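Trainee: Following this line is input_3.cif, made up of mmCIF, C-alpha atoms, pLDDT in the B column; chains and numbers go by the auth columns:
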```
data_start
#
loop_
_atom_site.group_PDB
_atom_site.id
_atom_site.type_symbol
_atom_site.label_atom_id
_atom_site.label_comp_id
_atom_site.label_asym_id
_atom_site.label_seq_id
_atom_site.Cartn_x
_atom_site.Cartn_y
_atom_site.Cartn_z
_atom_site.B_iso_or_equiv
_atom_site.auth_seq_id
_atom_site.auth_asym_id
ATOM 1 C CA MET A 1 84.128 -43.455 -40.112 77.00 1 A
ATOM 2 C CA ASP A 2 83.089 -40.321 -38.231 85.00 2 A
ATOM 3 C CA ILE A 3 84.060 -39.854 -34.597 87.00 3 A
ATOM 4 C CA ALA A 4 82.280 -37.250 -32.477 86.00 4 A
ATOM 5 C CA ILE A 5 83.753 -35.845 -29.301 87.00 5 A
ATOM 6 C CA LEU A 6 80.876 -34.570 -27.190 86.00 6 A
ATOM 7 C CA GLY A 7 81.983 -32.093 -24.548 87.00 7 A
ATOM 8 C CA PHE A 8 79.754 -31.923 -21.484 85.00 8 A
ATOM 9 C CA ARG A 9 80.706 -30.231 -18.241 83.00 9 A
ATOM 10 C CA PHE A 10 84.325 -30.117 -19.415 81.00 10 A
ATOM 11 C CA TYR A 11 87.352 -27.881 -18.841 77.00 11 A
ATOM 12 C CA LYS A 12 87.020 -24.919 -21.195 79.00 12 A
ATOM 13 C CA GLY A 13 90.764 -24.201 -21.376 80.00 13 A
ATOM 14 C CA LEU A 14 91.433 -27.043 -23.812 85.00 14 A
ATOM 15 C CA ASN A 15 92.567 -26.588 -27.392 86.00 15 A
ATOM 16 C CA ILE A 16 89.718 -28.599 -28.889 87.00 16 A
ATOM 17 C CA LYS A 17 90.828 -28.030 -32.475 87.00 17 A
ATOM 18 C CA SER A 18 94.229 -29.536 -31.690 88.00 18 A
ATOM 19 C CA LEU A 19 92.660 -32.521 -29.901 88.00 19 A
ATOM 20 C CA CYS A 20 90.474 -33.296 -32.923 88.00 20 A
ATOM 21 C CA GLU A 21 93.311 -32.835 -35.421 88.00 21 A
ATOM 22 C CA ASN A 22 95.667 -35.079 -33.445 86.00 22 A
ATOM 23 C CA ALA A 23 93.009 -37.746 -32.953 85.00 23 A
ATOM 24 C CA SER A 24 92.195 -37.599 -36.676 85.00 24 A
ATOM 25 C CA SER A 25 95.807 -38.028 -37.730 84.00 25 A
ATOM 26 C CA ILE A 26 96.604 -40.873 -35.329 80.00 26 A
ATOM 27 C CA PHE A 27 93.676 -43.042 -36.419 78.00 27 A
ATOM 28 C CA SER A 28 93.111 -41.556 -39.910 81.00 28 A
ATOM 29 C CA LEU A 29 89.485 -40.889 -39.044 83.00 29 A
ATOM 30 C CA ASN A 30 87.242 -37.824 -39.227 87.00 30 A
ATOM 31 C CA VAL A 31 87.016 -36.433 -35.666 89.00 31 A
ATOM 32 C CA SER A 32 84.783 -33.484 -34.813 86.00 32 A
ATOM 33 C CA PHE A 33 83.731 -31.754 -31.605 89.00 33 A
ATOM 34 C CA THR A 34 80.373 -30.568 -30.368 84.00 34 A
ATOM 35 C CA ASN A 35 79.139 -29.165 -27.086 82.00 35 A
ATOM 36 C CA GLY A 36 76.428 -31.208 -25.483 80.00 36 A
ATOM 37 C CA VAL A 37 74.171 -31.578 -22.523 79.00 37 A
ATOM 38 C CA LEU A 38 73.640 -34.855 -20.733 83.00 38 A
ATOM 39 C CA ASP A 39 71.508 -35.429 -17.653 87.00 39 A
ATOM 40 C CA VAL A 40 74.554 -36.538 -15.683 91.00 40 A
ATOM 41 C CA GLY A 41 72.558 -36.583 -12.457 92.00 41 A
ATOM 42 C CA LEU A 42 71.383 -40.047 -13.447 89.00 42 A
ATOM 43 C CA ALA A 43 74.984 -41.287 -13.142 95.00 43 A
ATOM 44 C CA TYR A 44 75.813 -39.524 -9.876 97.00 44 A
ATOM 45 C CA ASP A 45 76.518 -41.656 -6.812 97.00 45 A
ATOM 46 C CA SER A 46 75.985 -39.460 -3.746 97.00 46 A
ATOM 47 C CA ILE A 47 77.758 -41.921 -1.429 96.00 47 A
ATOM 48 C CA ARG A 48 80.958 -41.827 -3.508 97.00 48 A
ATOM 49 C CA GLY A 49 80.587 -38.237 -4.714 97.00 49 A
ATOM 50 C CA GLN A 50 81.480 -39.468 -8.214 98.00 50 A
ATOM 51 C CA TYR A 51 79.821 -40.355 -11.510 98.00 51 A
ATOM 52 C CA ASN A 52 79.395 -43.921 -12.760 97.00 52 A
ATOM 53 C CA SER A 53 81.162 -44.015 -16.125 97.00 53 A
ATOM 54 C CA THR A 54 79.173 -47.029 -17.349 96.00 54 A
ATOM 55 C CA LEU A 55 75.921 -45.112 -16.868 96.00 55 A
ATOM 56 C CA LEU A 56 77.443 -42.149 -18.713 95.00 56 A
ATOM 57 C CA LEU A 57 78.290 -44.470 -21.625 93.00 57 A
ATOM 58 C CA ASN A 58 74.625 -45.450 -21.827 92.00 58 A
ATOM 59 C CA LEU A 59 73.581 -41.783 -21.831 91.00 59 A
ATOM 60 C CA LEU A 60 76.068 -41.044 -24.624 90.00 60 A
ATOM 61 C CA LYS A 61 74.669 -43.878 -26.738 88.00 61 A
ATOM 62 C CA GLN A 62 71.182 -42.420 -26.342 85.00 62 A
ATOM 63 C CA SER A 63 72.265 -38.901 -27.327 78.00 63 A
ATOM 64 C CA LYS A 64 71.192 -37.340 -30.624 67.00 64 A
ATOM 65 C CA ILE A 65 74.814 -37.164 -31.769 65.00 65 A
ATOM 66 C CA LYS A 66 74.649 -40.922 -32.358 56.00 66 A
ATOM 67 C CA SER A 67 72.703 -40.273 -35.571 59.00 67 A
ATOM 68 C CA TYR A 68 75.720 -38.883 -37.459 70.00 68 A
ATOM 69 C CA ALA A 69 78.752 -40.435 -35.782 78.00 69 A
ATOM 70 C CA SER A 70 79.970 -44.028 -35.764 85.00 70 A
ATOM 71 C CA LYS A 71 81.708 -43.521 -32.410 89.00 71 A
ATOM 72 C CA ILE A 72 80.974 -41.063 -29.608 91.00 72 A
ATOM 73 C CA ILE A 73 83.559 -39.973 -27.072 93.00 73 A
ATOM 74 C CA GLY A 74 82.230 -38.002 -24.141 92.00 74 A
ATOM 75 C CA LEU A 75 84.724 -35.490 -22.754 94.00 75 A
ATOM 76 C CA THR A 76 84.034 -34.224 -19.253 94.00 76 A
ATOM 77 C CA ASP A 77 85.675 -32.961 -16.082 95.00 77 A
ATOM 78 C CA LEU A 78 83.490 -35.110 -13.815 96.00 78 A
ATOM 79 C CA ASP A 79 85.165 -37.538 -11.400 97.00 79 A
ATOM 80 C CA LEU A 80 84.416 -41.020 -12.799 98.00 80 A
ATOM 81 C CA PHE A 81 84.329 -44.489 -11.283 97.00 81 A
ATOM 82 C CA VAL A 82 83.295 -48.049 -11.965 96.00 82 A
ATOM 83 C CA PRO A 83 82.033 -50.020 -8.962 94.00 83 A
ATOM 84 C CA ILE A 84 85.161 -52.179 -8.634 95.00 84 A
ATOM 85 C CA LEU A 85 87.657 -49.279 -8.814 95.00 85 A
ATOM 86 C CA THR A 86 88.203 -46.090 -6.818 96.00 86 A
ATOM 87 C CA TYR A 87 88.318 -44.012 -10.012 97.00 87 A
ATOM 88 C CA VAL A 88 88.878 -44.249 -13.762 98.00 88 A
ATOM 89 C CA PHE A 89 90.286 -41.788 -16.282 98.00 89 A
ATOM 90 C CA GLY A 90 87.858 -43.143 -18.852 97.00 90 A
ATOM 91 C CA GLU A 91 85.847 -46.117 -20.007 98.00 91 A
ATOM 92 C CA ALA A 92 84.887 -47.518 -23.393 97.00 92 A
ATOM 93 C CA GLU A 93 82.836 -50.302 -24.861 96.00 93 A
ATOM 94 C CA LEU A 94 85.128 -52.823 -26.495 96.00 94 A
ATOM 95 C CA ASN A 95 84.142 -52.861 -30.192 95.00 95 A
ATOM 96 C CA GLY A 96 81.321 -50.535 -29.210 93.00 96 A
ATOM 97 C CA GLN A 97 79.977 -47.107 -30.037 91.00 97 A
ATOM 98 C CA ALA A 98 80.778 -45.081 -26.957 93.00 98 A
ATOM 99 C CA ALA A 99 83.592 -43.991 -24.698 95.00 99 A
ATOM 100 C CA VAL A 100 83.953 -41.390 -21.988 97.00 100 A
ATOM 101 C CA VAL A 101 87.102 -39.557 -20.863 97.00 101 A
ATOM 102 C CA SER A 102 87.450 -37.382 -17.779 97.00 102 A
ATOM 103 C CA SER A 103 90.058 -34.719 -17.202 96.00 103 A
ATOM 104 C CA HIS A 104 89.183 -34.530 -13.483 96.00 104 A
ATOM 105 C CA ARG A 105 92.246 -36.467 -12.301 97.00 105 A
ATOM 106 C CA LEU A 106 94.420 -35.356 -15.222 97.00 106 A
ATOM 107 C CA HIS A 107 94.866 -31.782 -13.944 95.00 107 A
ATOM 108 C CA ASN A 108 98.180 -31.179 -12.166 96.00 108 A
ATOM 109 C CA GLU A 109 96.272 -29.123 -9.602 96.00 109 A
ATOM 110 C CA PHE A 110 94.431 -32.278 -8.469 96.00 110 A
ATOM 111 C CA TYR A 111 97.796 -33.506 -7.126 97.00 111 A
ATOM 112 C CA GLY A 112 98.837 -30.169 -5.596 97.00 112 A
ATOM 113 C CA LEU A 113 101.143 -29.325 -8.515 97.00 113 A
ATOM 114 C CA PRO A 114 101.283 -26.132 -10.619 97.00 114 A
ATOM 115 C CA LYS A 115 98.788 -25.760 -13.439 94.00 115 A
ATOM 116 C CA ASP A 116 100.115 -27.022 -16.793 95.00 116 A
ATOM 117 C CA ASP A 117 97.588 -26.783 -19.626 92.00 117 A
ATOM 118 C CA SER A 118 100.025 -28.266 -22.148 93.00 118 A
ATOM 119 C CA LEU A 119 100.498 -31.395 -20.034 96.00 119 A
ATOM 120 C CA LEU A 120 96.739 -31.600 -19.426 95.00 120 A
ATOM 121 C CA GLN A 121 96.094 -31.373 -23.178 94.00 121 A
ATOM 122 C CA ASN A 122 98.572 -34.181 -23.830 95.00 122 A
ATOM 123 C CA ARG A 123 97.054 -36.394 -21.115 97.00 123 A
ATOM 124 C CA ILE A 124 93.552 -35.890 -22.481 95.00 124 A
ATOM 125 C CA LEU A 125 94.700 -36.704 -26.019 94.00 125 A
ATOM 126 C CA LYS A 126 96.277 -39.944 -24.808 96.00 126 A
ATOM 127 C CA GLU A 127 93.136 -40.924 -22.925 96.00 127 A
ATOM 128 C CA ILE A 128 90.926 -40.136 -25.933 94.00 128 A
ATOM 129 C CA MET A 129 93.214 -42.251 -28.130 93.00 129 A
ATOM 130 C CA HIS A 130 93.208 -45.064 -25.574 96.00 130 A
ATOM 131 C CA GLU A 131 89.422 -45.189 -25.226 96.00 131 A
ATOM 132 C CA LEU A 132 88.876 -44.789 -28.971 93.00 132 A
ATOM 133 C CA GLY A 133 91.231 -47.738 -29.447 94.00 133 A
ATOM 134 C CA HIS A 134 88.965 -49.848 -27.236 96.00 134 A
ATOM 135 C CA THR A 135 85.913 -48.907 -29.333 94.00 135 A
ATOM 136 C CA LEU A 136 87.886 -50.091 -32.371 92.00 136 A
ATOM 137 C CA GLY A 137 88.507 -53.468 -30.726 95.00 137 A
ATOM 138 C CA LEU A 138 91.945 -52.968 -29.203 96.00 138 A
ATOM 139 C CA ILE A 139 92.677 -54.349 -25.740 97.00 139 A
ATOM 140 C CA HIS A 140 95.401 -53.269 -23.313 97.00 140 A
ATOM 141 C CA CYS A 141 98.914 -53.568 -24.717 97.00 141 A
ATOM 142 C CA SER A 142 102.007 -54.786 -22.884 97.00 142 A
ATOM 143 C CA ASP A 143 104.200 -52.135 -24.578 97.00 143 A
ATOM 144 C CA ASN A 144 104.420 -49.395 -21.936 94.00 144 A
ATOM 145 C CA LYS A 145 104.974 -46.735 -24.632 96.00 145 A
ATOM 146 C CA CYS A 146 101.829 -47.670 -26.592 97.00 146 A
ATOM 147 C CA VAL A 147 98.770 -45.497 -26.021 96.00 147 A
ATOM 148 C CA MET A 148 96.828 -48.741 -25.422 97.00 148 A
ATOM 149 C CA HIS A 149 98.944 -49.576 -22.358 97.00 149 A
ATOM 150 C CA SER A 150 96.802 -49.555 -19.211 96.00 150 A
ATOM 151 C CA SER A 151 97.128 -46.497 -16.972 95.00 151 A
ATOM 152 C CA THR A 152 96.412 -46.891 -13.283 94.00 152 A
ATOM 153 C CA TYR A 153 98.075 -43.625 -12.287 96.00 153 A
ATOM 154 C CA VAL A 154 98.470 -40.308 -14.084 97.00 154 A
ATOM 155 C CA GLU A 155 102.226 -40.933 -14.222 97.00 155 A
ATOM 156 C CA ASP A 156 101.504 -43.992 -16.396 96.00 156 A
ATOM 157 C CA ILE A 157 99.805 -41.693 -18.906 97.00 157 A
ATOM 158 C CA ASP A 158 102.793 -39.346 -18.915 97.00 158 A
ATOM 159 C CA LEU A 159 105.197 -42.208 -19.698 97.00 159 A
ATOM 160 C CA LYS A 160 103.413 -43.494 -22.787 97.00 160 A
ATOM 161 C CA ASP A 161 103.256 -42.053 -26.286 94.00 161 A
ATOM 162 C CA ASN A 162 100.084 -40.696 -27.859 90.00 162 A
ATOM 163 C CA SER A 163 100.262 -43.241 -30.665 90.00 163 A
ATOM 164 C CA LEU A 164 99.846 -46.948 -31.234 92.00 164 A
ATOM 165 C CA CYS A 165 102.738 -49.389 -31.255 94.00 165 A
ATOM 166 C CA GLU A 166 103.337 -51.368 -34.448 95.00 166 A
ATOM 167 C CA SER A 167 101.513 -54.444 -33.073 96.00 167 A
ATOM 168 C CA CYS A 168 98.372 -52.464 -32.277 94.00 168 A
ATOM 169 C CA LYS A 169 98.482 -50.628 -35.631 91.00 169 A
ATOM 170 C CA LYS A 170 98.356 -54.011 -37.378 92.00 170 A
ATOM 171 C CA LEU A 171 95.242 -54.966 -35.438 90.00 171 A
ATOM 172 C CA ILE A 172 93.247 -51.921 -36.575 79.00 172 A
#
```
Could the structure of this file be written out as C-alpha coordinates, please?
Mentor:
Amino acid sequence: MDIAILGFRFYKGLNIKSLCENASSIFSLNVSFTNGVLDVGLAYDSIRGQYNSTLLLNLLKQSKIKSYASKIIGLTDLDLFVPILTYVFGEAELNGQAAVVSSHRLHNEFYGLPKDDSLLQNRILKEIMHELGHTLGLIHCSDNKCVMHSSTYVEDIDLKDNSLCESCKKLI
(Lines of atoms letter the chains of each structure in order from A and count residues from 1; the text may use other names and numbers.)
(Lines give C-alpha, C1' and ligand atoms only; values in the text may rest on other atoms or scores of the structure.)
Protein backbone atom coordinates (compact mmCIF):
# COMPACT_ATOMS: atom_id res chain seq x y z
CA MET A 1 0.00 0.00 0.00
CA ASP A 2 1.34 3.42 -0.96
CA ILE A 3 0.70 6.43 1.26
CA ALA A 4 1.19 9.94 -0.11
CA ILE A 5 1.70 12.95 2.11
CA LEU A 6 0.65 16.00 0.13
CA GLY A 7 2.08 19.22 1.53
CA PHE A 8 0.04 22.33 0.80
CA ARG A 9 0.53 25.66 2.52
CA PHE A 10 2.66 23.93 5.16
CA TYR A 11 5.56 24.88 7.44
CA LYS A 12 8.74 24.58 5.39
CA GLY A 13 11.02 23.96 8.38
CA LEU A 14 9.98 20.32 8.72
CA ASN A 15 12.26 17.36 8.11
CA ILE A 16 9.99 15.73 5.54
CA LYS A 17 12.36 12.83 4.88
CA SER A 18 12.31 11.91 8.57
CA LEU A 19 8.50 12.17 8.73
CA CYS A 20 8.12 9.78 5.79
CA GLU A 21 10.72 7.33 7.11
CA ASN A 22 9.15 7.23 10.57
CA ALA A 23 5.64 6.84 9.17
CA SER A 24 6.88 4.05 6.89
CA SER A 25 8.52 2.14 9.71
CA ILE A 26 5.62 2.43 12.15
CA PHE A 27 3.02 1.07 9.73
CA SER A 28 5.36 -0.89 7.40
CA LEU A 29 3.98 1.00 4.42
CA ASN A 30 5.56 2.97 1.58
CA VAL A 31 5.17 6.67 2.48
CA SER A 32 6.25 9.43 0.10
CA PHE A 33 5.92 13.21 0.05
CA THR A 34 4.92 15.61 -2.68
CA ASN A 35 4.22 19.32 -2.78
CA GLY A 36 0.75 20.18 -3.94
CA VAL A 37 -1.70 22.93 -4.58
CA LEU A 38 -5.29 22.80 -3.43
CA ASP A 39 -7.90 25.51 -3.87
CA VAL A 40 -8.26 25.85 -0.11
CA GLY A 41 -10.44 28.92 -0.50
CA LEU A 42 -13.36 26.56 -1.01
CA ALA A 43 -12.92 25.34 2.58
CA TYR A 44 -12.42 28.76 4.18
CA ASP A 45 -15.06 29.99 6.63
CA SER A 46 -14.73 33.78 6.84
CA ILE A 47 -16.87 33.98 10.00
CA ARG A 48 -14.57 31.60 11.90
CA GLY A 49 -11.35 32.58 10.13
CA GLN A 50 -10.57 28.86 9.79
CA TYR A 51 -10.71 26.07 7.22
CA ASN A 52 -13.28 23.27 7.28
CA SER A 53 -11.25 20.06 7.46
CA THR A 54 -14.07 17.92 6.03
CA LEU A 55 -14.12 20.06 2.88
CA LEU A 56 -10.34 19.76 2.66
CA LEU A 57 -10.69 15.96 2.81
CA ASN A 58 -13.00 16.12 -0.20
CA LEU A 59 -10.48 18.28 -2.09
CA LEU A 60 -7.70 15.81 -1.27
CA LYS A 61 -9.76 12.90 -2.61
CA GLN A 62 -10.25 14.79 -5.87
CA SER A 63 -6.55 15.58 -6.27
CA LYS A 64 -4.44 13.94 -8.98
CA ILE A 65 -2.27 12.27 -6.35
CA LYS A 66 -5.15 9.85 -5.73
CA SER A 67 -4.20 8.00 -8.93
CA TYR A 68 -1.01 6.49 -7.45
CA ALA A 69 -1.61 6.36 -3.70
CA SER A 70 -4.00 4.21 -1.68
CA LYS A 71 -4.16 6.83 1.09
CA ILE A 72 -3.60 10.59 0.95
CA ILE A 73 -2.60 12.65 3.96
CA GLY A 74 -2.75 16.39 3.48
CA LEU A 75 -0.18 18.28 5.56
CA THR A 76 -0.85 21.97 6.06
CA ASP A 77 -0.37 24.86 8.47
CA LEU A 78 -3.96 26.09 8.07
CA ASP A 79 -6.15 26.42 11.17
CA LEU A 80 -8.73 23.61 10.87
CA PHE A 81 -12.18 23.06 12.34
CA VAL A 82 -15.24 20.86 12.11
CA PRO A 83 -18.57 22.58 12.77
CA ILE A 84 -19.08 21.00 16.21
CA LEU A 85 -15.58 21.81 17.54
CA THR A 86 -13.56 24.99 17.99
CA TYR A 87 -10.56 23.44 16.22
CA VAL A 88 -9.02 20.11 15.22
CA PHE A 89 -5.42 19.02 14.75
CA GLY A 90 -6.55 16.75 11.94
CA GLU A 91 -9.38 14.70 10.50
CA ALA A 92 -9.58 11.41 8.64
CA GLU A 93 -12.14 9.21 6.99
CA LEU A 94 -12.54 6.02 8.98
CA ASN A 95 -11.53 3.20 6.61
CA GLY A 96 -11.27 5.87 3.94
CA GLN A 97 -8.75 7.29 1.51
CA ALA A 98 -7.99 10.70 2.94
CA ALA A 99 -6.78 12.48 6.03
CA VAL A 100 -5.59 15.99 6.77
CA VAL A 101 -3.19 17.15 9.49
CA SER A 102 -2.50 20.75 10.49
CA SER A 103 0.56 22.02 12.29
CA HIS A 104 -1.14 25.37 13.01
CA ARG A 105 -1.85 24.63 16.68
CA LEU A 106 1.16 22.32 17.08
CA HIS A 107 3.73 25.14 17.04
CA ASN A 108 4.96 26.16 20.50
CA GLU A 109 4.77 29.78 19.35
CA PHE A 110 0.97 29.47 19.05
CA TYR A 111 0.91 29.16 22.86
CA GLY A 112 3.46 31.93 23.51
CA LEU A 113 6.30 29.45 24.09
CA PRO A 114 9.77 29.37 22.50
CA LYS A 115 10.11 27.82 19.06
CA ASP A 116 10.99 24.10 19.17
CA ASP A 117 11.21 22.48 15.74
CA SER A 118 12.07 19.08 17.21
CA LEU A 119 8.91 19.06 19.33
CA LEU A 120 6.87 20.31 16.36
CA GLN A 121 8.26 17.50 14.19
CA ASN A 122 7.33 14.93 16.83
CA ARG A 123 3.80 16.34 17.22
CA ILE A 124 3.22 16.28 13.47
CA LEU A 125 4.47 12.69 13.23
CA LYS A 126 2.06 11.63 15.96
CA GLU A 127 -0.85 13.37 14.26
CA ILE A 128 0.02 11.82 10.89
CA MET A 129 0.17 8.39 12.54
CA HIS A 130 -3.12 9.01 14.34
CA GLU A 131 -5.00 10.09 11.21
CA LEU A 132 -3.43 7.35 9.09
CA GLY A 133 -4.60 4.88 11.73
CA HIS A 134 -8.17 6.10 11.23
CA THR A 135 -7.90 5.57 7.45
CA LEU A 136 -6.80 2.01 8.23
CA GLY A 137 -9.91 1.45 10.35
CA LEU A 138 -8.62 2.17 13.84
CA ILE A 139 -10.79 4.12 16.28
CA HIS A 140 -9.69 6.06 19.36
CA CYS A 141 -7.85 3.95 21.93
CA SER A 142 -8.22 4.11 25.70
CA ASP A 143 -4.45 3.61 26.21
CA ASN A 144 -3.18 7.16 26.76
CA LYS A 145 0.28 6.22 25.42
CA CYS A 146 -1.07 4.84 22.12
CA VAL A 147 -0.87 7.15 19.11
CA MET A 148 -4.57 6.38 18.53
CA HIS A 149 -5.54 7.97 21.86
CA SER A 150 -7.71 11.05 21.29
CA SER A 151 -5.98 14.42 21.68
CA THR A 152 -8.07 17.40 22.68
CA TYR A 153 -5.10 19.55 23.67
CA VAL A 154 -1.54 19.73 22.39
CA GLU A 155 -0.35 18.43 25.77
CA ASP A 156 -2.28 15.21 25.06
CA ILE A 157 -0.16 14.74 21.94
CA ASP A 158 3.04 15.29 23.91
CA LEU A 159 2.08 12.59 26.44
CA LYS A 160 1.49 9.79 23.96
CA ASP A 161 3.97 7.71 21.99
CA ASN A 162 4.31 7.86 18.22
CA SER A 163 3.44 4.18 17.90
CA LEU A 164 0.49 1.87 18.29
CA CYS A 165 -0.22 -0.09 21.45
CA GLU A 166 -0.29 -3.89 21.18
CA SER A 167 -4.11 -3.96 20.98
CA CYS A 168 -4.19 -1.55 18.04
CA LYS A 169 -1.33 -3.36 16.26
CA LYS A 170 -3.43 -6.54 16.33
CA LEU A 171 -6.33 -4.74 14.68
CA ILE A 172 -4.28 -3.62 11.66
Trainee: Can you list what the PyMOL selection byres ((chain A and resi 90-101) around 7) grabs from this structure, as an mmCIF file with C-alpha atoms, in the coordinates of the input?
Mentor:
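Produced file expr24.cif, reproduced below:
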```
data_model
loop_
_atom_site.group_PDB
_atom_site.id
_atom_site.type_symbol
_atom_site.label_atom_id
_atom_site.label_comp_id
_atom_site.auth_asym_id
_atom_site.auth_seq_id
_atom_site.Cartn_x
_atom_site.Cartn_y
_atom_site.Cartn_z
ATOM 1 C CA SER A 53 81.162 -44.015 -16.125
ATOM 2 C CA LEU A 57 78.290 -44.470 -21.625
ATOM 3 C CA LEU A 60 76.068 -41.044 -24.624
ATOM 4 C CA LYS A 61 74.669 -43.878 -26.738
ATOM 5 C CA SER A 70 79.970 -44.028 -35.764
ATOM 6 C CA LYS A 71 81.708 -43.521 -32.410
ATOM 7 C CA ILE A 72 80.974 -41.063 -29.608
ATOM 8 C CA ILE A 73 83.559 -39.973 -27.072
ATOM 9 C CA GLY A 74 82.230 -38.002 -24.141
ATOM 10 C CA LEU A 75 84.724 -35.490 -22.754
ATOM 11 C CA THR A 76 84.034 -34.224 -19.253
ATOM 12 C CA VAL A 88 88.878 -44.249 -13.762
ATOM 13 C CA PHE A 89 90.286 -41.788 -16.282
ATOM 14 C CA SER A 102 87.450 -37.382 -17.779
ATOM 15 C CA SER A 103 90.058 -34.719 -17.202
ATOM 16 C CA GLU A 127 93.136 -40.924 -22.925
ATOM 17 C CA ILE A 128 90.926 -40.136 -25.933
ATOM 18 C CA GLU A 131 89.422 -45.189 -25.226
ATOM 19 C CA LEU A 132 88.876 -44.789 -28.971
ATOM 20 C CA HIS A 134 88.965 -49.848 -27.236
ATOM 21 C CA THR A 135 85.913 -48.907 -29.333
ATOM 22 C CA LEU A 136 87.886 -50.091 -32.371
ATOM 23 C CA GLY A 137 88.507 -53.468 -30.726
#
```
Trainee: Could you check how far CA of Phe27 in chain A sits from CA of Val40 in chain A, in Å to one decimal?
Mentor: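 Between CA of Phe27 in chain A and CA of Val40 in chain A the gap is 28.9 Å.
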Trainee: Which residue, A:Ile47, A:Leu120, A:Leu80, A:Leu56, has the smallest gap to Lys12 in chain A when you use only C-alpha atoms?
Mentor: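 The shortest atom-to-atom distance to Lys12 in chain A comes from A:Leu120.
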Trainee: As an exercise, work out the distance from CA of Tyr68 in chain A to CA of Ala4 in chain A in Å and give it to one decimal place.
Mentor: 8.4 Å
Trainee: Residues picked by the PyMOL selection byres ((chain A and resi 79) around 8) here, as an MDAnalysis selection string?
Mentor: chainID A and resid 50:51 77:78 80:81 87 102 104:105
Trainee: For a quick check of understanding, using only C-alpha atoms, which of A:Ile16, A:Ile26, A:Cys146, A:Ile172 has the smallest distance to Gln121 in chain A?
Mentor: A:Ile16
Trainee: Which residue is closest to Val82 in chain A? Choose from A:Lys145, A:Arg48, A:His107, A:Lys115 and count all atoms listed in the file.
Mentor: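 Among A:Lys145, A:Arg48, A:His107, A:Lys115, it is A:Arg48 that comes nearest to Val82 in chain A.
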Trainee: Could you tell me how far CA of Val37 in chain A sits from CA of Arg9 in chain A, in Å to one decimal place?
Mentor: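 Computed distance, CA of Arg9 in chain A to CA of Val37 in chain A, equals 7.9 Å.
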Trainee: Within 6 Å of (88.7, -35.4, -32.2), in the coordinates the file gives, what residues turn up when you count all atoms listed in the file, written out as a list in words?
Mentor: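 The distance filter leaves exactly Ile5, Leu19, Cys20, Ala23, Val31 and Ser32 of chain A.
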Trainee: Given all atoms listed in the file as the basis, pick out the residue of A:Leu55, A:Val154, A:Ile84, A:Ile124 nearest to Phe110 in chain A.
Mentor: A:Val154
Trainee: Using all atoms listed in the file, pick whichever of A:Ala69, A:Ser63, A:Leu164, A:Lys170 has the shortest atom-to-atom distance to Gly36 in chain A.
Mentor: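 Looking only at the distances to Gly36 in chain A, the closest residue turns out to be A:Ser63.
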Trainee: Could you check which of A:Asn52, A:Asp2, A:Ser142, A:Ala43 is closest to Asn30 in chain A, using all atoms listed in the file?
Mentor: A:Asp2
Trainee: Please provide the set of residues having any atom within 6 Å of His140 in chain A, restricted to only C-alpha atoms, with same-chain residues fewer than 5 positions apart removed, written as a PyMOL selection string.
Mentor: chain A and resi 148-150
